[in-house]
>>> print(open('target-v1.cif').read())   # mmCIF, C-alpha atoms (C1' of nucleotides)
data_my_file
loop_
_atom_site.label_atom_id
_atom_site.label_comp_id
_atom_site.auth_asym_id
_atom_site.auth_seq_id
_atom_site.Cartn_x
_atom_site.Cartn_y
_atom_site.Cartn_z
CA MET A 1 71.34 108.90 137.58
CA ASP A 2 70.54 111.86 135.43
CA ARG A 3 67.49 111.29 133.28
CA ARG A 4 69.13 113.21 130.47
CA GLN A 5 71.86 110.64 130.14
CA GLN A 6 69.41 107.78 129.94
CA LYS A 7 67.38 109.63 127.36
CA THR A 8 70.23 110.31 124.97
CA ARG A 9 71.64 106.84 125.49
CA THR A 10 68.46 105.10 124.48
CA ALA A 11 67.95 107.63 121.70
CA ILE A 12 71.31 106.60 120.28
CA TYR A 13 70.61 102.91 120.66
CA ASP A 14 67.22 103.27 119.04
CA ALA A 15 68.65 105.32 116.21
CA LEU A 16 71.34 102.79 115.48
CA THR A 17 68.91 99.89 115.69
CA LYS A 18 66.65 101.60 113.21
CA LEU A 19 69.45 102.39 110.81
CA LEU A 20 70.81 98.85 111.05
CA ARG A 21 67.57 97.59 109.58
CA LYS A 22 68.50 99.24 106.30
CA ARG A 23 72.26 99.06 105.99
CA ARG A 24 75.32 97.45 107.44
CA PHE A 25 77.05 99.06 110.40
CA GLU A 26 80.18 99.85 108.38
CA ASP A 27 78.12 101.98 106.01
CA ILE A 28 76.33 103.98 108.67
CA THR A 29 77.71 107.40 109.45
CA VAL A 30 77.98 109.01 112.86
CA GLN A 31 76.15 111.98 111.41
CA GLU A 32 73.23 109.77 110.47
CA ILE A 33 73.05 108.33 113.96
CA ILE A 34 73.16 111.83 115.39
CA ASP A 35 70.43 113.07 113.09
CA GLU A 36 68.23 110.06 113.70
CA ALA A 37 68.73 110.33 117.45
CA ASN A 38 68.31 114.09 117.27
CA ILE A 39 71.23 114.95 119.51
CA GLY A 40 74.35 117.05 119.22
CA ARG A 41 77.58 115.76 117.82
CA SER A 42 79.63 116.37 120.93
CA THR A 43 76.95 114.70 123.01
CA PHE A 44 77.42 111.53 121.03
CA TYR A 45 81.14 111.59 121.62
CA SER A 46 80.69 112.26 125.32
CA HIS A 47 78.80 108.97 125.54
CA PHE A 48 80.91 106.83 123.25
CA GLU A 49 84.56 107.20 122.38
CA THR A 50 84.11 105.82 118.88
CA LYS A 51 81.47 104.44 116.58
CA ASP A 52 82.83 100.95 117.12
CA GLN A 53 82.57 101.29 120.87
CA LEU A 54 78.91 102.11 120.48
CA LEU A 55 78.29 98.88 118.60
CA GLU A 56 80.31 96.89 121.08
CA GLN A 57 78.50 98.31 124.09
CA MET A 58 75.11 97.89 122.49
CA CYS A 59 75.84 94.28 121.64
CA ASP A 60 77.32 93.71 125.07
CA GLU A 61 74.15 94.87 126.72
CA MET A 62 71.91 92.89 124.44
CA PHE A 63 73.77 89.62 124.36
CA SER A 64 74.38 89.59 128.07
CA HIS A 65 70.63 89.82 128.36
CA VAL A 66 69.96 87.08 125.83
CA PHE A 67 72.53 84.79 127.40
CA SER A 68 71.49 85.82 130.86
CA GLU A 69 72.75 84.02 133.91
CA SER A 70 69.36 82.61 134.64
CA LEU A 71 69.77 80.36 131.64
CA MET A 72 73.08 78.92 132.66
CA PRO A 73 73.18 75.46 134.12
CA GLU A 74 75.23 74.66 137.17
CA LYS A 75 78.81 74.28 136.05
CA SER A 76 78.94 70.89 137.68
CA HIS A 77 75.77 69.63 136.10
CA ASP A 78 76.19 66.50 134.07
CA PHE A 79 74.15 66.49 130.90
CA SER A 80 75.33 63.09 129.87
CA ALA A 81 72.69 61.45 132.00
CA ASN A 82 69.92 63.53 130.63
CA HIS A 83 69.98 64.97 127.16
CA GLU A 84 66.53 66.42 127.65
CA GLU A 85 67.90 69.00 130.02
CA LEU A 86 70.46 70.39 127.59
CA ARG A 87 67.82 70.28 124.95
CA SER A 88 65.44 72.43 126.89
CA LEU A 89 68.26 74.80 127.79
CA LEU A 90 69.01 75.32 124.11
CA GLU A 91 65.37 75.72 123.20
CA HIS A 92 65.00 78.27 125.96
CA LEU A 93 67.91 80.15 124.49
CA LEU A 94 66.31 80.25 121.07
CA TRP A 95 63.15 81.67 122.57
CA HIS A 96 65.21 84.45 124.06
CA ILE A 97 66.69 85.16 120.68
CA LYS A 98 63.24 85.25 119.18
CA ASP A 99 62.26 87.86 121.78
CA HIS A 100 65.04 90.11 120.56
CA GLU A 101 64.40 89.33 116.92
CA ASP A 102 64.37 92.95 115.81
CA ASN A 103 67.73 93.87 117.23
CA ILE A 104 69.49 90.62 116.54
CA SER A 105 68.41 90.33 112.93
CA SER A 106 69.73 93.82 112.31
CA ILE A 107 73.01 93.12 113.96
CA MET A 108 73.59 89.82 112.22
CA TYR A 109 74.84 91.35 109.02
CA GLY A 110 78.18 92.97 108.47
CA GLU A 111 81.01 93.20 110.93
CA SER A 112 78.82 92.87 113.99
CA GLU A 113 78.05 89.25 113.22
CA LYS A 114 81.42 88.39 114.67
CA LEU A 115 80.51 89.83 118.04
CA PHE A 116 77.51 87.54 118.07
CA THR A 117 79.63 84.53 117.22
CA ARG A 118 82.11 85.39 119.94
CA TYR A 119 79.50 85.74 122.65
CA PHE A 120 77.66 82.69 121.46
CA SER A 121 80.79 80.54 121.45
CA GLU A 122 81.72 81.51 124.97
CA TYR A 123 78.27 80.83 126.23
CA LEU A 124 77.91 77.49 124.48
CA GLU A 125 81.29 76.31 125.59
CA ASP A 126 79.92 76.43 129.11
CA ALA A 127 76.52 75.08 128.18
CA PHE A 128 77.79 72.12 126.22
CA GLY A 129 80.83 71.70 128.45
CA ASN A 130 80.98 68.22 129.85
CA MET A 131 78.33 66.93 127.50
CA ILE A 132 80.85 66.95 124.70
CA SER A 133 83.37 64.70 126.38
CA HIS A 134 80.64 62.09 126.71
CA ILE A 135 80.09 61.81 123.00
CA ASP A 136 81.67 58.56 122.09
CA ILE A 137 83.50 59.16 118.84
CA ASP A 138 87.12 58.53 118.17
CA VAL A 139 87.99 62.16 117.51
CA SER A 140 89.91 64.71 119.53
CA VAL A 141 87.95 66.68 122.11
CA GLU A 142 88.89 69.91 120.41
CA PHE A 143 87.46 68.71 117.16
CA LYS A 144 84.26 67.52 118.76
CA LYS A 145 83.85 70.84 120.49
CA GLN A 146 84.43 72.72 117.28
CA PHE A 147 81.97 70.51 115.44
CA VAL A 148 79.14 70.52 117.94
CA ILE A 149 79.29 74.19 118.88
CA GLY A 150 80.11 75.39 115.39
CA SER A 151 77.25 73.58 113.78
CA PHE A 152 74.85 74.85 116.41
CA ILE A 153 75.86 78.47 115.92
CA ASN A 154 75.68 77.94 112.21
CA THR A 155 72.21 76.57 112.49
CA VAL A 156 71.09 79.52 114.56
CA LYS A 157 72.59 81.97 112.09
CA TRP A 158 70.82 80.17 109.29
CA TRP A 159 67.59 80.32 111.28
CA ILE A 160 67.96 84.05 111.89
CA GLY A 161 68.92 84.64 108.27
CA ASN A 162 65.68 82.95 107.23
CA GLY A 163 63.67 85.29 109.40
CA LEU A 164 63.14 82.78 112.22
CA ALA A 165 60.65 80.92 110.09
CA GLN A 166 60.63 77.79 112.25
CA SER A 167 59.82 77.48 115.91
CA PRO A 168 62.69 77.04 118.36
CA GLY A 169 61.44 73.52 119.05
CA GLU A 170 61.62 72.57 115.40
CA ILE A 171 65.14 73.93 115.10
CA ILE A 172 66.45 72.07 118.12
CA ASP A 173 64.71 68.97 116.88
CA ALA A 174 66.33 69.12 113.50
CA TYR A 175 69.69 69.97 114.99
CA TYR A 176 69.55 66.99 117.32
CA LYS A 177 68.48 64.67 114.56
CA CYS A 178 71.43 65.68 112.42
CA LEU A 179 73.87 65.56 115.29
CA ILE A 180 72.85 62.41 117.09
CA ARG A 181 71.46 60.19 114.31
CA ARG A 182 69.73 57.61 116.48
CA MET B 1 100.31 92.02 76.61
CA ASP B 2 102.57 94.65 78.00
CA ARG B 3 105.00 93.26 80.53
CA ARG B 4 104.67 96.41 82.60
CA GLN B 5 101.05 95.70 83.33
CA GLN B 6 101.78 92.19 84.53
CA LYS B 7 104.63 93.46 86.66
CA THR B 8 102.62 96.06 88.52
CA ARG B 9 99.69 93.71 88.88
CA THR B 10 101.70 91.03 90.59
CA ALA B 11 103.57 93.67 92.56
CA ILE B 12 100.25 94.85 93.95
CA TYR B 13 99.06 91.33 94.70
CA ASP B 14 102.32 90.46 96.41
CA ALA B 15 102.28 93.66 98.42
CA LEU B 16 98.75 93.07 99.64
CA THR B 17 99.48 89.45 100.46
CA LYS B 18 102.47 90.49 102.51
CA LEU B 19 100.58 93.19 104.36
CA LEU B 20 97.68 90.85 105.05
CA ARG B 21 100.01 88.67 107.05
CA LYS B 22 100.26 91.42 109.63
CA ARG B 23 96.90 93.19 109.70
CA ARG B 24 93.35 92.90 108.58
CA PHE B 25 92.37 94.20 105.15
CA GLU B 26 90.19 96.94 106.61
CA ASP B 27 93.19 98.40 108.42
CA ILE B 28 95.50 98.44 105.41
CA THR B 29 95.84 101.70 103.58
CA VAL B 30 96.13 102.18 99.83
CA GLN B 31 99.27 104.19 100.50
CA GLU B 32 100.82 101.21 102.26
CA ILE B 33 100.03 98.92 99.37
CA ILE B 34 101.52 101.46 96.98
CA ASP B 35 104.67 101.85 99.03
CA GLU B 36 105.09 98.11 99.48
CA ALA B 37 104.51 97.50 95.79
CA ASN B 38 106.70 100.46 94.94
CA ILE B 39 104.40 101.94 92.33
CA GLY B 40 102.71 105.27 91.76
CA ARG B 41 99.36 106.16 93.21
CA SER B 42 97.63 106.74 89.91
CA THR B 43 99.02 103.47 88.62
CA PHE B 44 97.23 101.65 91.39
CA TYR B 45 93.96 103.31 90.50
CA SER B 46 94.42 102.58 86.81
CA HIS B 47 94.46 98.88 87.69
CA PHE B 48 91.75 98.79 90.33
CA GLU B 49 88.83 101.09 90.80
CA THR B 50 88.80 100.75 94.56
CA LYS B 51 90.63 98.99 97.35
CA ASP B 52 87.70 96.60 97.74
CA GLN B 53 87.82 95.68 94.08
CA LEU B 54 91.45 94.71 94.49
CA LEU B 55 90.56 92.29 97.27
CA GLU B 56 87.67 90.89 95.33
CA GLN B 57 89.69 90.31 92.19
CA MET B 58 92.57 88.80 94.11
CA CYS B 59 90.24 86.40 95.90
CA ASP B 60 88.44 85.64 92.69
CA GLU B 61 91.64 84.58 91.03
CA MET B 62 92.83 82.56 93.97
CA PHE B 63 89.63 80.75 94.84
CA SER B 64 88.82 79.94 91.26
CA HIS B 65 92.18 78.24 91.21
CA VAL B 66 91.64 76.40 94.48
CA PHE B 67 88.19 75.27 93.44
CA SER B 68 89.33 74.63 89.93
CA GLU B 69 87.17 72.83 87.47
CA SER B 70 89.41 69.81 87.49
CA LEU B 71 88.19 69.05 90.97
CA MET B 72 84.53 69.14 90.12
CA PRO B 73 82.68 65.88 89.76
CA GLU B 74 80.26 65.31 86.94
CA LYS B 75 77.03 67.02 87.79
CA SER B 76 75.18 63.80 87.23
CA HIS B 77 77.47 61.71 89.37
CA ASP B 78 75.76 59.90 92.19
CA PHE B 79 77.77 59.86 95.38
CA SER B 80 75.18 57.93 97.29
CA ALA B 81 76.53 54.66 95.95
CA ASN B 82 80.08 55.45 96.85
CA HIS B 83 80.97 57.70 99.71
CA GLU B 84 84.64 57.14 99.09
CA GLU B 85 84.50 59.23 95.98
CA LEU B 86 83.10 62.31 97.70
CA ARG B 87 85.55 61.74 100.45
CA SER B 88 88.53 61.82 98.15
CA LEU B 89 87.11 64.86 96.38
CA LEU B 90 86.98 66.72 99.68
CA GLU B 91 90.43 65.59 100.71
CA HIS B 92 91.75 66.70 97.36
CA LEU B 93 90.20 70.09 97.99
CA LEU B 94 91.93 70.42 101.34
CA TRP B 95 95.26 69.66 99.75
CA HIS B 96 94.65 72.49 97.34
CA ILE B 97 93.96 74.78 100.24
CA LYS B 98 97.14 73.67 101.92
CA ASP B 99 99.05 74.58 98.76
CA HIS B 100 97.76 78.14 99.05
CA GLU B 101 98.22 78.25 102.79
CA ASP B 102 100.05 81.56 102.77
CA ASN B 103 97.43 83.50 100.89
CA ILE B 104 94.40 81.84 102.37
CA SER B 105 95.46 82.14 105.98
CA SER B 106 96.02 85.84 105.47
CA ILE B 107 92.69 86.35 103.84
CA MET B 108 90.76 84.40 106.43
CA TYR B 109 90.68 87.20 108.94
CA GLY B 110 88.59 90.31 108.73
CA GLU B 111 85.99 91.10 106.16
CA SER B 112 87.50 88.93 103.47
CA GLU B 113 86.51 85.77 105.29
CA LYS B 114 83.04 86.25 103.87
CA LEU B 115 84.30 86.01 100.32
CA PHE B 116 85.82 82.68 101.21
CA THR B 117 82.58 81.46 102.72
CA ARG B 118 80.62 82.57 99.68
CA TYR B 119 82.87 80.80 97.20
CA PHE B 120 83.10 77.75 99.37
CA SER B 121 79.35 77.47 99.76
CA GLU B 122 78.74 77.69 96.07
CA TYR B 123 81.33 75.09 95.31
CA LEU B 124 80.18 72.68 97.99
CA GLU B 125 76.57 73.00 97.02
CA ASP B 126 77.57 71.40 93.75
CA ALA B 127 79.97 68.93 95.28
CA PHE B 128 77.58 67.65 97.94
CA GLY B 129 74.58 68.09 95.71
CA ASN B 130 72.68 64.87 95.36
CA MET B 131 74.57 63.23 98.21
CA ILE B 132 72.57 65.28 100.66
CA SER B 133 69.18 64.12 99.51
CA HIS B 134 70.30 60.54 100.17
CA ILE B 135 70.92 61.15 103.86
CA ASP B 136 68.03 59.46 105.54
CA ILE B 137 66.99 61.78 108.33
CA ASP B 138 63.55 63.19 108.87
CA VAL B 139 64.56 66.81 108.36
CA SER B 140 63.94 69.27 105.53
CA VAL B 141 66.40 69.20 102.66
CA GLU B 142 67.24 72.84 103.27
CA PHE B 143 68.18 72.09 106.84
CA LYS B 144 70.29 69.11 105.89
CA LYS B 145 72.11 71.16 103.31
CA GLN B 146 72.74 73.93 105.77
CA PHE B 147 73.97 71.48 108.36
CA VAL B 148 76.27 69.40 106.18
CA ILE B 149 77.81 72.23 104.20
CA GLY B 150 77.93 74.64 107.13
CA SER B 151 79.69 72.24 109.41
CA PHE B 152 82.19 71.38 106.70
CA ILE B 153 83.08 75.00 106.04
CA ASN B 154 83.26 75.55 109.76
CA THR B 155 85.64 72.67 110.14
CA VAL B 156 87.86 73.98 107.39
CA LYS B 157 87.89 77.46 108.92
CA TRP B 158 88.81 75.94 112.26
CA TRP B 159 91.54 73.95 110.57
CA ILE B 160 92.97 77.03 108.86
CA GLY B 161 92.68 79.03 112.08
CA ASN B 162 94.79 76.38 113.80
CA GLY B 163 97.50 76.75 111.19
CA LEU B 164 96.55 73.59 109.28
CA ALA B 165 98.00 71.49 112.06
CA GLN B 166 96.37 68.25 110.92
CA SER B 167 96.66 66.54 107.59
CA PRO B 168 93.76 66.82 105.14
CA GLY B 169 93.12 63.12 105.61
CA GLU B 170 92.78 63.47 109.36
CA ILE B 171 90.37 66.37 108.98
CA ILE B 172 88.11 64.56 106.54
CA ASP B 173 88.26 61.51 108.76
CA ALA B 174 87.15 63.42 111.82
CA TYR B 175 84.49 65.28 109.89
CA TYR B 176 83.03 62.07 108.53
CA LYS B 177 83.07 60.45 111.94
CA CYS B 178 81.12 63.32 113.45
CA LEU B 179 78.71 63.53 110.55
CA ILE B 180 77.98 59.92 109.82
CA ARG B 181 78.29 58.23 113.21
CA ARG B 182 78.27 54.63 112.05
"C1'" DA C 1 69.54 129.94 144.88
"C1'" DT C 2 73.66 128.11 143.79
"C1'" DT C 3 76.38 124.73 141.92
"C1'" DT C 4 77.06 120.87 139.25
"C1'" DT C 5 76.24 118.27 135.26
"C1'" DA C 6 74.71 117.35 130.65
"C1'" DC C 7 73.62 119.05 126.12
"C1'" DC C 8 74.33 121.91 121.99
"C1'" DG C 9 76.62 122.90 117.55
"C1'" DA C 10 79.87 125.38 114.82
"C1'" DA C 11 84.48 125.24 113.74
"C1'" DC C 12 88.50 122.67 113.34
"C1'" DA C 13 92.49 119.24 112.51
"C1'" DC C 14 93.42 114.97 110.68
"C1'" DG C 15 93.63 111.10 107.70
"C1'" DG C 16 92.09 108.10 103.99
"C1'" DT C 17 89.94 107.77 99.28
"C1'" DG C 18 89.82 108.39 94.63
"C1'" DT C 19 90.82 111.93 90.50
"C1'" DT C 20 93.48 114.76 87.41
"C1'" DC C 21 97.09 115.88 84.38
"C1'" DG C 22 101.51 116.90 82.32
"C1'" DG C 23 105.68 114.77 81.74
"C1'" DA C 24 108.96 110.71 81.81
"C1'" DA C 25 109.93 106.05 80.58
"C1'" DA C 26 109.25 101.65 78.60
"C1'" DG C 27 107.49 98.76 74.97
"C1'" DT C 28 106.13 98.20 69.79
"C1'" DG C 29 106.65 98.20 64.92
"C1'" DA C 30 108.54 100.12 60.60
"C1'" DT D 1 116.92 104.09 64.37
"C1'" DC D 2 112.77 106.86 64.65
"C1'" DA D 3 108.19 107.66 65.42
"C1'" DC D 4 104.14 106.17 68.10
"C1'" DT D 5 101.52 104.06 71.65
"C1'" DT D 6 100.97 102.53 76.11
"C1'" DT D 7 101.99 102.53 80.75
"C1'" DC D 8 103.83 104.62 84.74
"C1'" DC D 9 104.81 108.43 87.80
"C1'" DG D 10 103.65 111.65 91.54
"C1'" DA D 11 102.23 116.04 93.15
"C1'" DA D 12 98.22 118.51 93.79
"C1'" DC D 13 93.52 118.42 94.59
"C1'" DA D 14 88.47 117.74 96.12
"C1'" DC D 15 85.78 115.11 99.07
"C1'" DC D 16 84.09 112.85 103.04
"C1'" DG D 17 84.01 110.77 107.63
"C1'" DT D 18 86.12 110.81 112.27
"C1'" DG D 19 86.88 112.62 116.53
"C1'" DT D 20 88.08 117.19 119.35
"C1'" DT D 21 87.38 121.76 121.26
"C1'" DC D 22 85.02 125.29 123.49
"C1'" DG D 23 81.85 128.91 124.84
"C1'" DG D 24 77.26 129.08 125.75
"C1'" DT D 25 72.59 127.24 127.36
"C1'" DA D 26 69.39 124.29 129.80
"C1'" DA D 27 68.31 120.92 133.17
"C1'" DA D 28 69.05 118.53 137.45
"C1'" DA D 29 70.87 118.13 142.17
"C1'" DT D 30 71.86 120.16 146.78
#
>>> encode(input="target-v1.cif", output="structure tokens")
Amino acid sequence: MDRRQQKTRTAIYDALTKLLRKRRFEDITVQEIIDEANIGRSTFYSHFETKDQLLEQMCDEMFSHVFSESLMPEKSHDFSANHEELRSLLEHLLWHIKDHEDNISSIMYGESEKLFTRYFSEYLEDAFGNMISHIDIDVSVEFKKQFVIGSFINTVKWWIGNGLAQSPGEIIDAYYKCLIRR
Amino acid sequence: MDRRQQKTRTAIYDALTKLLRKRRFEDITVQEIIDEANIGRSTFYSHFETKDQLLEQMCDEMFSHVFSESLMPEKSHDFSANHEELRSLLEHLLWHIKDHEDNISSIMYGESEKLFTRYFSEYLEDAFGNMISHIDIDVSVEFKKQFVIGSFINTVKWWIGNGLAQSPGEIIDAYYKCLIRR
DNA sequence: ATTTTACCGAACACGGTGTTCGGAAAGTGA
DNA sequence: TCACTTTCCGAACACCGTGTTCGGTAAAAT
């Protein structure tokens, strides 16, 4: 693969990441990205069809790394027997997020937040999967799913919004305490 | 007050409401609103400085009605003694939302969802207020607040997203079951 | 050395936003 | 009814951001 392509690609990503630290994606102009990345206008458009596609691809790359396969449990695994395992999976995930703090914090404001929520939901639906059906409350499965996953994502967003002030362990702890109430 | 003003104002609101049923606010053009409302361009801009201001004012009016003062408990009221009271307050609130189903459902997609969340948070912070500090879990007050309010808003969003399929009572029921776990 | 590929950037077409202004029409008050 | 005030109308305009085009240059691949 041509080195030139890689260079401009990362230049664009870096430029956008930097700009996202100061304003929301919607308010950033293609011209600004171009200037910051120090590339030509047509070069930008030969890499990305639109500004939105750039964001989508950048998020794609990042989130697929954060939620990497290595973190996924076996589909068939049964967490009901062992809550500790799910717990450590989630904590692991938060550590990954912490690793990408810079990028993620930038992305979490404005329109791009929704991409995060989408990815996160999909991932967690697998992660929580059969654990949810084992929660013994007289409420529809759909509602339970919505509640458990929604409140987790919420918590993570809150955590990120607060600048990741707590450790992943503390967050999972608090989340579990609120959810399980032993 | 001049009848003409009222007429164009409601014409604009109605037009936007109608258009919002089909696409997101970001994708709606001022020209479309004007055509739908059947008014002149400069008339639109004599009522609203920008397209965004229109949305904001419309939401302002609507949400302040949904979360109307009549629903607010006394600031000093202590819900800890009587969960039933908070419960009926929340159910009451959901009925109000159901009354405005048309408008709210439209607004809940796209950028405008955030306005809803903002209003809702502010309102609930008052409503839940001192109830939260009485939840006996070893977790910071900030976290509890985030968890309780966040999961409630989440639930309501989910409910709206599903076309308000359940009754307000059912929703509050399920929410309480998940939150309290007696 | 030749060919392929990527980059450059000025110029352009297009579409949406918000402004201006003179004239028409509707409301107000005597 | 007549003057007057307010609102509405809409065409024309300036402005800005998006995405395209194309001839030329530089870098990489063979």
>>> residues_around(input="target-v1.cif", residues="DC15 of chain D", least_positions_apart="5", cutoff="12 Å", atoms="all atoms listed in the file", output="list in words")
DG16, DT17, DG18 and DT19 of chain C
>>> write_last_selection(input="target-v1.cif", atoms="C-alpha atoms (C1' of nucleotides)", output="PDB file, in the frame of the given file")
ATOM      1  C1'  DG C  16      92.090 108.100 103.990  1.00  0.00           C
ATOM      2  C1'  DT C  17      89.940 107.770  99.280  1.00  0.00           C
ATOM      3  C1'  DG C  18      89.820 108.390  94.630  1.00  0.00           C
ATOM      4  C1'  DT C  19      90.820 111.930  90.500  1.00  0.00           C
TER       5       DT C  19
END
>>> resolve_selection(input="target-v1.cif", expression="the PyMOL selection byres ((chain A and resi 4) around 12)", output="PDB file with C-alpha atoms (C1' of nucleotides), in the frame of the given file")
ATOM      1  CA  MET A   1      71.340 108.900 137.580  1.00  0.00           C
ATOM      2  CA  ASP A   2      70.540 111.860 135.430  1.00  0.00           C
ATOM      3  CA  ARG A   3      67.490 111.290 133.280  1.00  0.00           C
ATOM      4  CA  GLN A   5      71.860 110.640 130.140  1.00  0.00           C
ATOM      5  CA  GLN A   6      69.410 107.780 129.940  1.00  0.00           C
ATOM      6  CA  LYS A   7      67.380 109.630 127.360  1.00  0.00           C
ATOM      7  CA  THR A   8      70.230 110.310 124.970  1.00  0.00           C
ATOM      8  CA  ARG A   9      71.640 106.840 125.490  1.00  0.00           C
ATOM      9  CA  THR A  10      68.460 105.100 124.480  1.00  0.00           C
ATOM     10  CA  ALA A  11      67.950 107.630 121.700  1.00  0.00           C
ATOM     11  CA  ILE A  39      71.230 114.950 119.510  1.00  0.00           C
ATOM     12  CA  THR A  43      76.950 114.700 123.010  1.00  0.00           C
ATOM     13  CA  HIS A  47      78.800 108.970 125.540  1.00  0.00           C
TER      14      HIS A  47
ATOM     15  C1'  DT C   5      76.240 118.270 135.260  1.00  0.00           C
ATOM     16  C1'  DA C   6      74.710 117.350 130.650  1.00  0.00           C
ATOM     17  C1'  DC C   7      73.620 119.050 126.120  1.00  0.00           C
TER      18       DC C   7
ATOM     19  C1'  DA D  26      69.390 124.290 129.800  1.00  0.00           C
ATOM     20  C1'  DA D  27      68.310 120.920 133.170  1.00  0.00           C
ATOM     21  C1'  DA D  28      69.050 118.530 137.450  1.00  0.00           C
TER      22       DA D  28
END
>>> atom_distance(input="target-v1.cif", atom1="atom CA of Gln57 of chain A", atom2="atom CA of Tyr109 of chain B")
22.4 Å
>>> closest_atom_pairs(input="target-v1.cif", of="chain A", to="chain B", cutoff="12 Å", atoms="all atoms listed in the file", output="tab-separated table")
residue	atom	partner	partner_atom	distance
A:Glu26	CA	B:Glu26	CA	10.6
A:Tyr109	CA	B:Lys114	CA	10.9
A:Gly110	CA	B:Glu111	CA	8.4
A:Glu111	CA	B:Glu111	CA	7.2
A:Ser112	CA	B:Glu111	CA	10.8
A:Glu113	CA	B:Glu111	CA	10.8
A:Lys114	CA	B:Gly110	CA	9.5
A:Ile132	CA	B:Cys178	CA	11.8
A:Ile135	CA	B:Cys178	CA	9.7
A:Asp136	CA	B:Arg181	CA	9.5
A:Ile137	CA	B:Lys177	CA	7.0
A:Asp138	CA	B:Lys177	CA	7.7
A:Val139	CA	B:Ala174	CA	5.9
A:Ser140	CA	B:Ala174	CA	8.3
A:Val141	CA	B:Ala174	CA	10.8
A:Glu142	CA	B:Trp158	CA	10.1
A:Phe143	CA	B:Ala174	CA	7.5
A:Lys144	CA	B:Cys178	CA	7.5
A:Lys145	CA	B:Cys178	CA	10.7
A:Gln146	CA	B:Thr155	CA	7.2
A:Phe147	CA	B:Ser151	CA	6.7
A:Val148	CA	B:Cys178	CA	8.7
A:Ile149	CA	B:Ser151	CA	9.7
A:Gly150	CA	B:Asn154	CA	6.5
A:Ser151	CA	B:Ser151	CA	5.2
A:Phe152	CA	B:Phe147	CA	8.8
A:Ile153	CA	B:Ser151	CA	9.8
A:Asn154	CA	B:Gly150	CA	6.5
A:Thr155	CA	B:Phe147	CA	6.8
A:Val156	CA	B:Gln146	CA	10.5
A:Lys157	CA	B:Gln146	CA	10.2
A:Trp158	CA	B:Gln146	CA	7.4
A:Trp159	CA	B:Phe143	CA	9.4
A:Gly161	CA	B:Gln146	CA	11.6
A:Asn162	CA	B:Glu142	CA	11.0
A:Gln166	CA	B:Phe143	CA	10.9
A:Glu170	CA	B:Val139	CA	9.6
A:Ile171	CA	B:Phe143	CA	9.0
A:Ile172	CA	B:Val139	CA	11.2
A:Asp173	CA	B:Val139	CA	8.8
A:Ala174	CA	B:Val139	CA	5.9
A:Tyr175	CA	B:Phe147	CA	8.0
A:Tyr176	CA	B:Val139	CA	10.3
A:Lys177	CA	B:Ile137	CA	7.0
A:Cys178	CA	B:Ile137	CA	7.2
A:Leu179	CA	B:Leu179	CA	7.1
A:Ile180	CA	B:Arg181	CA	7.9
A:Arg181	CA	B:Arg181	CA	7.2
A:Arg182	CA	B:Arg181	CA	9.2
>>> closest_residue(input="target-v1.cif", among="A:Leu90, A:Leu54, A:Val30, A:Ala127", to="chain D", atoms="all atoms listed in the file")
A:Val30
>>> closest_atom_pairs(input="target-v1.cif", of="chain D", to="chain B", cutoff="7 Å", atoms="only C-alpha atoms (C1' of nucleotides)", output="tab-separated table")
residue	atom	partner	partner_atom	distance
D:DT7	C1'	B:Arg4	CA	6.9
D:DC8	C1'	B:Thr43	CA	6.3
D:DC9	C1'	B:Gly40	CA	5.5
D:DG10	C1'	B:Gly40	CA	6.5
>>> residues_around(input="target-v1.cif", residues="Asp102 of chain B", least_positions_apart="6", cutoff="10 Å", atoms="all atoms listed in the file", output="MDAnalysis selection string")
chainID B and resid 17:18 20:21
>>> interface_residues(input="target-v1.cif", of="chain B", to="chain C", cutoff="8 Å", atoms="only C-alpha atoms (C1' of nucleotides)", output="mmCIF file with C-alpha atoms, keeping the file's coordinate frame")
data_model
loop_
_atom_site.group_PDB
_atom_site.id
_atom_site.type_symbol
_atom_site.label_atom_id
_atom_site.label_comp_id
_atom_site.auth_asym_id
_atom_site.auth_seq_id
_atom_site.Cartn_x
_atom_site.Cartn_y
_atom_site.Cartn_z
ATOM 1 C CA ASP B 2 102.570 94.650 78.000
ATOM 2 C CA THR B 29 95.840 101.700 103.580
ATOM 3 C CA TYR B 45 93.960 103.310 90.500
ATOM 4 C CA THR B 50 88.800 100.750 94.560
#
>>> atom_distance(input="target-v1.cif", atom1="atom CA of Leu55 of chain A", atom2="atom CA of Ile12 of chain A")
10.5 Å
>>> decode(input="target-v1.cif", residues="segment 154-158 of chain B", atoms="N, CA and C atoms", output="PDB file, in the first residue's frame")
ATOM      1  N   ASN B 154     -34.016   7.246  30.104  1.00  0.00           N
ATOM      2  CA  ASN B 154     -33.782   6.177  29.144  1.00  0.00           C
ATOM      3  C   ASN B 154     -35.029   5.369  28.880  1.00  0.00           C
ATOM      4  N   THR B 155     -35.659   4.995  29.979  1.00  0.00           N
ATOM      5  CA  THR B 155     -36.871   4.188  29.882  1.00  0.00           C
ATOM      6  C   THR B 155     -37.948   4.933  29.106  1.00  0.00           C
ATOM      7  N   VAL B 156     -38.092   6.216  29.418  1.00  0.00           N
ATOM      8  CA  VAL B 156     -39.108   6.992  28.726  1.00  0.00           C
ATOM      9  C   VAL B 156     -38.784   7.114  27.237  1.00  0.00           C
ATOM     10  N   LYS B 157     -37.508   7.338  26.937  1.00  0.00           N
ATOM     11  CA  LYS B 157     -37.114   7.410  25.519  1.00  0.00           C
ATOM     12  C   LYS B 157     -37.432   6.096  24.812  1.00  0.00           C
ATOM     13  N   TRP B 158     -37.118   5.011  25.481  1.00  0.00           N
ATOM     14  CA  TRP B 158     -37.396   3.689  24.914  1.00  0.00           C
ATOM     15  C   TRP B 158     -38.887   3.528  24.675  1.00  0.00           C
TER      16      TRP B 158
END
